[in-house]
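A short write-up of the structure that comes next.
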Amino acid sequence: MKKLYKFLSLTTFPLLIHGCNMFDVHPYSGKIDGRKHINADNMIKIEHDYANQDTIRYAFISDSQRWHDELDDFVKIVNHRNDIDFIIHGGDISDFGLTKEFLWQRDILEKLKQPYVALLGNHDCLANGEEIFEQVFGTPNYSFIAGKTKFLCLNTNALESDYSNPVPDFSFIARERLLDTARFKQTVVVMHARPTSDQFNNNVSSVFQYSIKQFPKLLYCTNGHDHIYQEEDIFKDGIIYYGTPNIGKRQFLIFTITKDRYTHELVSY
């Protein structure tokens with residue numbers, strides 16, 4: 001027994017000592033340092049600052065997961081402009097759902113002078129990424145009002161879902177249609193994966209389109225995920241889906257919304 005004890009001591013103790021230098025937070029631990037609940041705070045600012053503004057101009061980006069330098073350059077470019085009210089990130093902030101990925105991207109986005117919000121992407125759902133996303137940014141489904149436009153931001157990453165929560169969440173959509181109706185006159189729907197994509201639950205795509213068209217004056221929809229510029233009337237009903245390229249292509253969309261119309265432009269940098 002003494003020989004066994006001595007053998008274990010001699011073999012395990014150096015490992016323990018060596019291991020002391022290796023202790024680190026597990027990449028999926030969800031331990032969050034720094035700012036949290038960003039969407040909620042920034043939505044309050046957006047709604048306050050632009051409550052009475054007739055014209056809204058915002059930038060839409062997506063899929064920045066592995067393109068840190070390109071995202072940093074985007075931030076610098078937008079910060080030098082004085083015509084962007086806020087920024088919407090369409091999701092895939094992380095690549096593998098790692099805590100550090102979310103925090104690296106957050107720290108870059110935090111350099112923005114303008115408020116921003118982020119959506120949940122399918123890569124953000126990997127491992128316990130959705131839990132990390134909720135801590136750093138917020139709930140997967142939310143909305144805010146800028147001027148007289150309601151932005152309905154939805155989780156459409158059905159392929160990554162275990163369906164413990166519905167994706168898309170039609171109950172949430174129905175509730176949102178009845179909330180704050182006196183405060184908005186038109187609607188924009190934002191998502192990561194659009195209908196017809198591999199991530200979307202296309203069994204309910206027609207029901208989804210019907211549901212969002214019940215909102216006052218649905219202007220258009222926007223999405224990321226496909227990593228290319230898209231402009232398509234998917235359902236042939238006059239509602240255009242605009243997809244923005246991944247930020248690695250050094251491109252993003254700018255939308256300008258007025259009382260009776262909207263315009264968009266694809267910006268390269």
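Simple scheme: letters A, B, ... for chains in structure tokens order, numbers from 1 for residues in each chain, numbers from 1 for ligands in the order shown.
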Where in region 58-268 of chain A does DSSP assign strand (DSSP E), given as an NGL selection string? :A and (58-61 or 86-89 or 116-118 or 142-146 or 149-154 or 186-191 or 218-223 or 230-232 or 241-243 or 251-257 or 262-268)
With C-alpha atoms retained, export the selected residues as a PDB file, in the first residue's frame.
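Output file out_12.pdb is given in full below:
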```pdb
ATOM      1  CA  TYR A  58     -29.601  52.426 -40.018  1.00  0.00           C
ATOM      2  CA  ALA A  59     -26.904  49.957 -41.037  1.00  0.00           C
ATOM      3  CA  PHE A  60     -27.560  46.235 -41.287  1.00  0.00           C
ATOM      4  CA  ILE A  61     -24.663  43.781 -40.988  1.00  0.00           C
ATOM      5  CA  PHE A  86     -28.203  52.742 -35.188  1.00  0.00           C
ATOM      6  CA  ILE A  87     -26.898  49.352 -36.286  1.00  0.00           C
ATOM      7  CA  ILE A  88     -28.571  45.949 -36.454  1.00  0.00           C
ATOM      8  CA  HIS A  89     -26.403  42.828 -36.466  1.00  0.00           C
ATOM      9  CA  TYR A 116     -26.700  48.613 -31.813  1.00  0.00           C
ATOM     10  CA  VAL A 117     -28.694  45.427 -31.343  1.00  0.00           C
ATOM     11  CA  ALA A 118     -27.873  41.846 -32.343  1.00  0.00           C
ATOM     12  CA  TYR A 142     -37.688  41.075 -29.360  1.00  0.00           C
ATOM     13  CA  SER A 143     -38.900  44.302 -30.921  1.00  0.00           C
ATOM     14  CA  PHE A 144     -38.323  48.029 -30.739  1.00  0.00           C
ATOM     15  CA  ILE A 145     -39.790  51.131 -32.327  1.00  0.00           C
ATOM     16  CA  ALA A 146     -37.737  53.812 -34.081  1.00  0.00           C
ATOM     17  CA  THR A 149     -41.450  51.955 -37.533  1.00  0.00           C
ATOM     18  CA  LYS A 150     -41.584  48.772 -35.516  1.00  0.00           C
ATOM     19  CA  PHE A 151     -38.623  46.429 -35.911  1.00  0.00           C
ATOM     20  CA  LEU A 152     -39.682  42.850 -35.226  1.00  0.00           C
ATOM     21  CA  CYS A 153     -36.528  40.792 -34.583  1.00  0.00           C
ATOM     22  CA  LEU A 154     -37.060  37.039 -34.699  1.00  0.00           C
ATOM     23  CA  GLN A 186     -45.158  50.533 -40.406  1.00  0.00           C
ATOM     24  CA  THR A 187     -43.108  47.409 -39.784  1.00  0.00           C
ATOM     25  CA  VAL A 188     -39.766  45.833 -40.683  1.00  0.00           C
ATOM     26  CA  VAL A 189     -39.081  42.164 -39.893  1.00  0.00           C
ATOM     27  CA  VAL A 190     -35.484  41.125 -39.181  1.00  0.00           C
ATOM     28  CA  MET A 191     -34.193  37.558 -38.960  1.00  0.00           C
ATOM     29  CA  LEU A 218     -44.970  45.631 -43.650  1.00  0.00           C
ATOM     30  CA  LEU A 219     -42.223  47.419 -45.595  1.00  0.00           C
ATOM     31  CA  TYR A 220     -39.678  44.636 -46.127  1.00  0.00           C
ATOM     32  CA  CYS A 221     -37.717  41.877 -44.404  1.00  0.00           C
ATOM     33  CA  THR A 222     -33.975  41.527 -43.862  1.00  0.00           C
ATOM     34  CA  ASN A 223     -31.760  38.532 -43.194  1.00  0.00           C
ATOM     35  CA  GLN A 230     -30.020  39.215 -51.832  1.00  0.00           C
ATOM     36  CA  GLU A 231     -33.050  41.132 -53.047  1.00  0.00           C
ATOM     37  CA  GLU A 232     -35.948  38.789 -53.662  1.00  0.00           C
ATOM     38  CA  TYR A 241     -36.347  40.032 -48.519  1.00  0.00           C
ATOM     39  CA  TYR A 242     -32.960  41.757 -48.417  1.00  0.00           C
ATOM     40  CA  GLY A 243     -29.941  39.666 -47.449  1.00  0.00           C
ATOM     41  CA  GLN A 251     -20.069  45.006 -47.373  1.00  0.00           C
ATOM     42  CA  PHE A 252     -23.202  46.031 -45.496  1.00  0.00           C
ATOM     43  CA  LEU A 253     -26.624  47.505 -46.154  1.00  0.00           C
ATOM     44  CA  ILE A 254     -27.963  50.927 -45.237  1.00  0.00           C
ATOM     45  CA  PHE A 255     -31.721  51.459 -45.098  1.00  0.00           C
ATOM     46  CA  THR A 256     -33.446  54.828 -45.027  1.00  0.00           C
ATOM     47  CA  ILE A 257     -37.073  54.849 -43.915  1.00  0.00           C
ATOM     48  CA  TYR A 262     -37.812  53.375 -47.958  1.00  0.00           C
ATOM     49  CA  THR A 263     -34.564  53.082 -49.875  1.00  0.00           C
ATOM     50  CA  HIS A 264     -31.534  50.875 -49.455  1.00  0.00           C
ATOM     51  CA  GLU A 265     -27.949  50.773 -50.625  1.00  0.00           C
ATOM     52  CA  LEU A 266     -25.183  48.184 -50.552  1.00  0.00           C
ATOM     53  CA  VAL A 267     -22.009  49.767 -49.183  1.00  0.00           C
ATOM     54  CA  SER A 268     -18.525  48.381 -49.855  1.00  0.00           C
TER      55      SER A 268
END
```
Excluding region 99-111 of chain A and any residue of its chain fewer than 5 positions from it, enumerate the residues within 10 Å of it, using only C-alpha atoms, and give them as an NGL selection string. :A and (25-36 or 38 or 64-69 or 71-76 or 79 or 87 or 89 or 92-94 or 116-118 or 124 or 128-129 or 131-133 or 136-137)
With only C-alpha atoms as the counted atoms, please give the residues lying no more than 8 Å from Gly121 (chain A), apart from itself and same-chain residues fewer than 5 positions off, as a PDB file with all heavy atoms, in the first residue's frame.
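That gives us around-v1.pdb:
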```pdb
ATOM      1  N   ASP A  63     -23.223  38.056 -39.830  1.00  0.00           N
ATOM      2  CA  ASP A  63     -22.219  37.006 -40.021  1.00  0.00           C
ATOM      3  C   ASP A  63     -20.797  37.553 -39.930  1.00  0.00           C
ATOM      4  O   ASP A  63     -20.040  37.539 -40.895  1.00  0.00           O
ATOM      5  CB  ASP A  63     -22.442  36.316 -41.366  1.00  0.00           C
ATOM      6  CG  ASP A  63     -23.816  35.673 -41.447  1.00  0.00           C
ATOM      7  OD1 ASP A  63     -24.786  36.374 -41.815  1.00  0.00           O
ATOM      8  OD2 ASP A  63     -23.922  34.483 -41.124  1.00  0.00           O
ATOM      9  N   GLY A  90     -27.294  40.994 -37.810  1.00  0.00           N
ATOM     10  CA  GLY A  90     -28.237  39.933 -38.129  1.00  0.00           C
ATOM     11  C   GLY A  90     -27.895  38.551 -37.613  1.00  0.00           C
ATOM     12  O   GLY A  90     -28.574  37.587 -37.956  1.00  0.00           O
ATOM     13  N   GLY A  91     -26.867  38.422 -36.785  1.00  0.00           N
ATOM     14  CA  GLY A  91     -26.579  37.123 -36.173  1.00  0.00           C
ATOM     15  C   GLY A  91     -25.345  36.434 -36.713  1.00  0.00           C
ATOM     16  O   GLY A  91     -24.716  36.885 -37.660  1.00  0.00           O
ATOM     17  N   ASP A  92     -25.017  35.293 -36.113  1.00  0.00           N
ATOM     18  CA  ASP A  92     -23.745  34.604 -36.287  1.00  0.00           C
ATOM     19  C   ASP A  92     -22.602  35.514 -35.833  1.00  0.00           C
ATOM     20  O   ASP A  92     -21.688  35.857 -36.588  1.00  0.00           O
ATOM     21  CB  ASP A  92     -23.538  34.114 -37.719  1.00  0.00           C
ATOM     22  CG  ASP A  92     -24.191  32.758 -37.947  1.00  0.00           C
ATOM     23  OD1 ASP A  92     -24.803  32.235 -37.002  1.00  0.00           O
ATOM     24  OD2 ASP A  92     -24.083  32.220 -39.067  1.00  0.00           O
ATOM     25  N   ILE A  93     -22.702  35.877 -34.582  1.00  0.00           N
ATOM     26  CA  ILE A  93     -21.641  36.631 -33.915  1.00  0.00           C
ATOM     27  C   ILE A  93     -20.487  35.689 -33.607  1.00  0.00           C
ATOM     28  O   ILE A  93     -19.325  36.069 -33.702  1.00  0.00           O
ATOM     29  CB  ILE A  93     -22.202  37.254 -32.617  1.00  0.00           C
ATOM     30  CG1 ILE A  93     -23.299  38.264 -32.975  1.00  0.00           C
ATOM     31  CG2 ILE A  93     -21.104  37.915 -31.792  1.00  0.00           C
ATOM     32  CD1 ILE A  93     -24.137  38.683 -31.800  1.00  0.00           C
ATOM     33  N   ASN A 155     -36.064  34.989 -33.941  1.00  0.00           N
ATOM     34  CA  ASN A 155     -35.219  33.809 -34.024  1.00  0.00           C
ATOM     35  C   ASN A 155     -35.833  32.852 -35.042  1.00  0.00           C
ATOM     36  O   ASN A 155     -36.943  32.344 -34.850  1.00  0.00           O
ATOM     37  CB  ASN A 155     -35.123  33.132 -32.656  1.00  0.00           C
ATOM     38  CG  ASN A 155     -34.384  31.806 -32.707  1.00  0.00           C
ATOM     39  OD1 ASN A 155     -33.647  31.524 -33.642  1.00  0.00           O
ATOM     40  ND2 ASN A 155     -34.583  30.989 -31.685  1.00  0.00           N
ATOM     41  N   ASN A 157     -33.853  30.210 -36.438  1.00  0.00           N
ATOM     42  CA  ASN A 157     -32.851  29.149 -36.586  1.00  0.00           C
ATOM     43  C   ASN A 157     -33.435  27.802 -36.171  1.00  0.00           C
ATOM     44  O   ASN A 157     -33.009  27.178 -35.199  1.00  0.00           O
ATOM     45  CB  ASN A 157     -31.614  29.487 -35.744  1.00  0.00           C
ATOM     46  CG  ASN A 157     -31.080  30.858 -36.076  1.00  0.00           C
ATOM     47  OD1 ASN A 157     -30.591  31.108 -37.169  1.00  0.00           O
ATOM     48  ND2 ASN A 157     -31.177  31.780 -35.123  1.00  0.00           N
ATOM     49  N   HIS A 192     -32.294  36.074 -38.925  1.00  0.00           N
ATOM     50  CA  HIS A 192     -31.010  35.579 -39.415  1.00  0.00           C
ATOM     51  C   HIS A 192     -31.198  34.744 -40.669  1.00  0.00           C
ATOM     52  O   HIS A 192     -30.589  35.014 -41.701  1.00  0.00           O
ATOM     53  CB  HIS A 192     -30.287  34.758 -38.348  1.00  0.00           C
ATOM     54  CG  HIS A 192     -28.968  34.229 -38.817  1.00  0.00           C
ATOM     55  ND1 HIS A 192     -27.884  35.049 -39.079  1.00  0.00           N
ATOM     56  CD2 HIS A 192     -28.553  32.967 -39.113  1.00  0.00           C
ATOM     57  CE1 HIS A 192     -26.867  34.320 -39.504  1.00  0.00           C
ATOM     58  NE2 HIS A 192     -27.252  33.054 -39.540  1.00  0.00           N
ATOM     59  N   ALA A 193     -32.039  33.724 -40.587  1.00  0.00           N
ATOM     60  CA  ALA A 193     -32.276  32.826 -41.718  1.00  0.00           C
ATOM     61  C   ALA A 193     -33.657  33.083 -42.285  1.00  0.00           C
ATOM     62  O   ALA A 193     -34.658  33.049 -41.573  1.00  0.00           O
ATOM     63  CB  ALA A 193     -32.153  31.370 -41.270  1.00  0.00           C
ATOM     64  N   HIS A 225     -27.157  35.139 -42.881  1.00  0.00           N
ATOM     65  CA  HIS A 225     -27.015  33.688 -43.027  1.00  0.00           C
ATOM     66  C   HIS A 225     -26.442  33.233 -44.368  1.00  0.00           C
ATOM     67  O   HIS A 225     -25.559  32.382 -44.407  1.00  0.00           O
ATOM     68  CB  HIS A 225     -28.342  32.983 -42.770  1.00  0.00           C
ATOM     69  CG  HIS A 225     -28.235  31.487 -42.839  1.00  0.00           C
ATOM     70  ND1 HIS A 225     -27.416  30.771 -41.993  1.00  0.00           N
ATOM     71  CD2 HIS A 225     -28.822  30.577 -43.663  1.00  0.00           C
ATOM     72  CE1 HIS A 225     -27.508  29.473 -42.291  1.00  0.00           C
ATOM     73  NE2 HIS A 225     -28.349  29.335 -43.301  1.00  0.00           N
TER      74      HIS A 225
END
```
Check the DSSP output for the backbone and give back, as a PyMOL selection string, the residues of region 21-267 of chain A in alpha helix (DSSP H). chain A and resi 38-49+68-79+99-109+129-136+170-178+205-212
Could you tell me how far CA of Asp95 (chain A) lies from CA of Thr196 (chain A), in Å and to one decimal?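 Between these atoms lies a distance of 22.1 Å.
For the choices A:Thr156, A:Asn141, A:Asn39, A:Asn52, the atom-to-atom distance to Arg183 (chain A) is smallest for A:Asn52 when using only C-alpha atoms.
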Neighbouring residues of Ser211 (chain A) were defined as those with any atom within 10 Å, considering only C-alpha atoms; residues of the same chain fewer than 2 positions away were excluded. Please report them as a list in words.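 What passes the distance filter is Phe170, Ile173, Ala174, Arg177, Ser205, Ser206, Val207, Phe208, Gln209, Lys213, Gln214 and Phe215 of chain A.
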Could you state the separation of CA of Asp54 (chain A) and CA of Arg175 (chain A) in Å, given to one decimal place?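 Straight-line distance from CA of Asp54 (chain A) to CA of Arg175 (chain A) works out to 25.8 Å.
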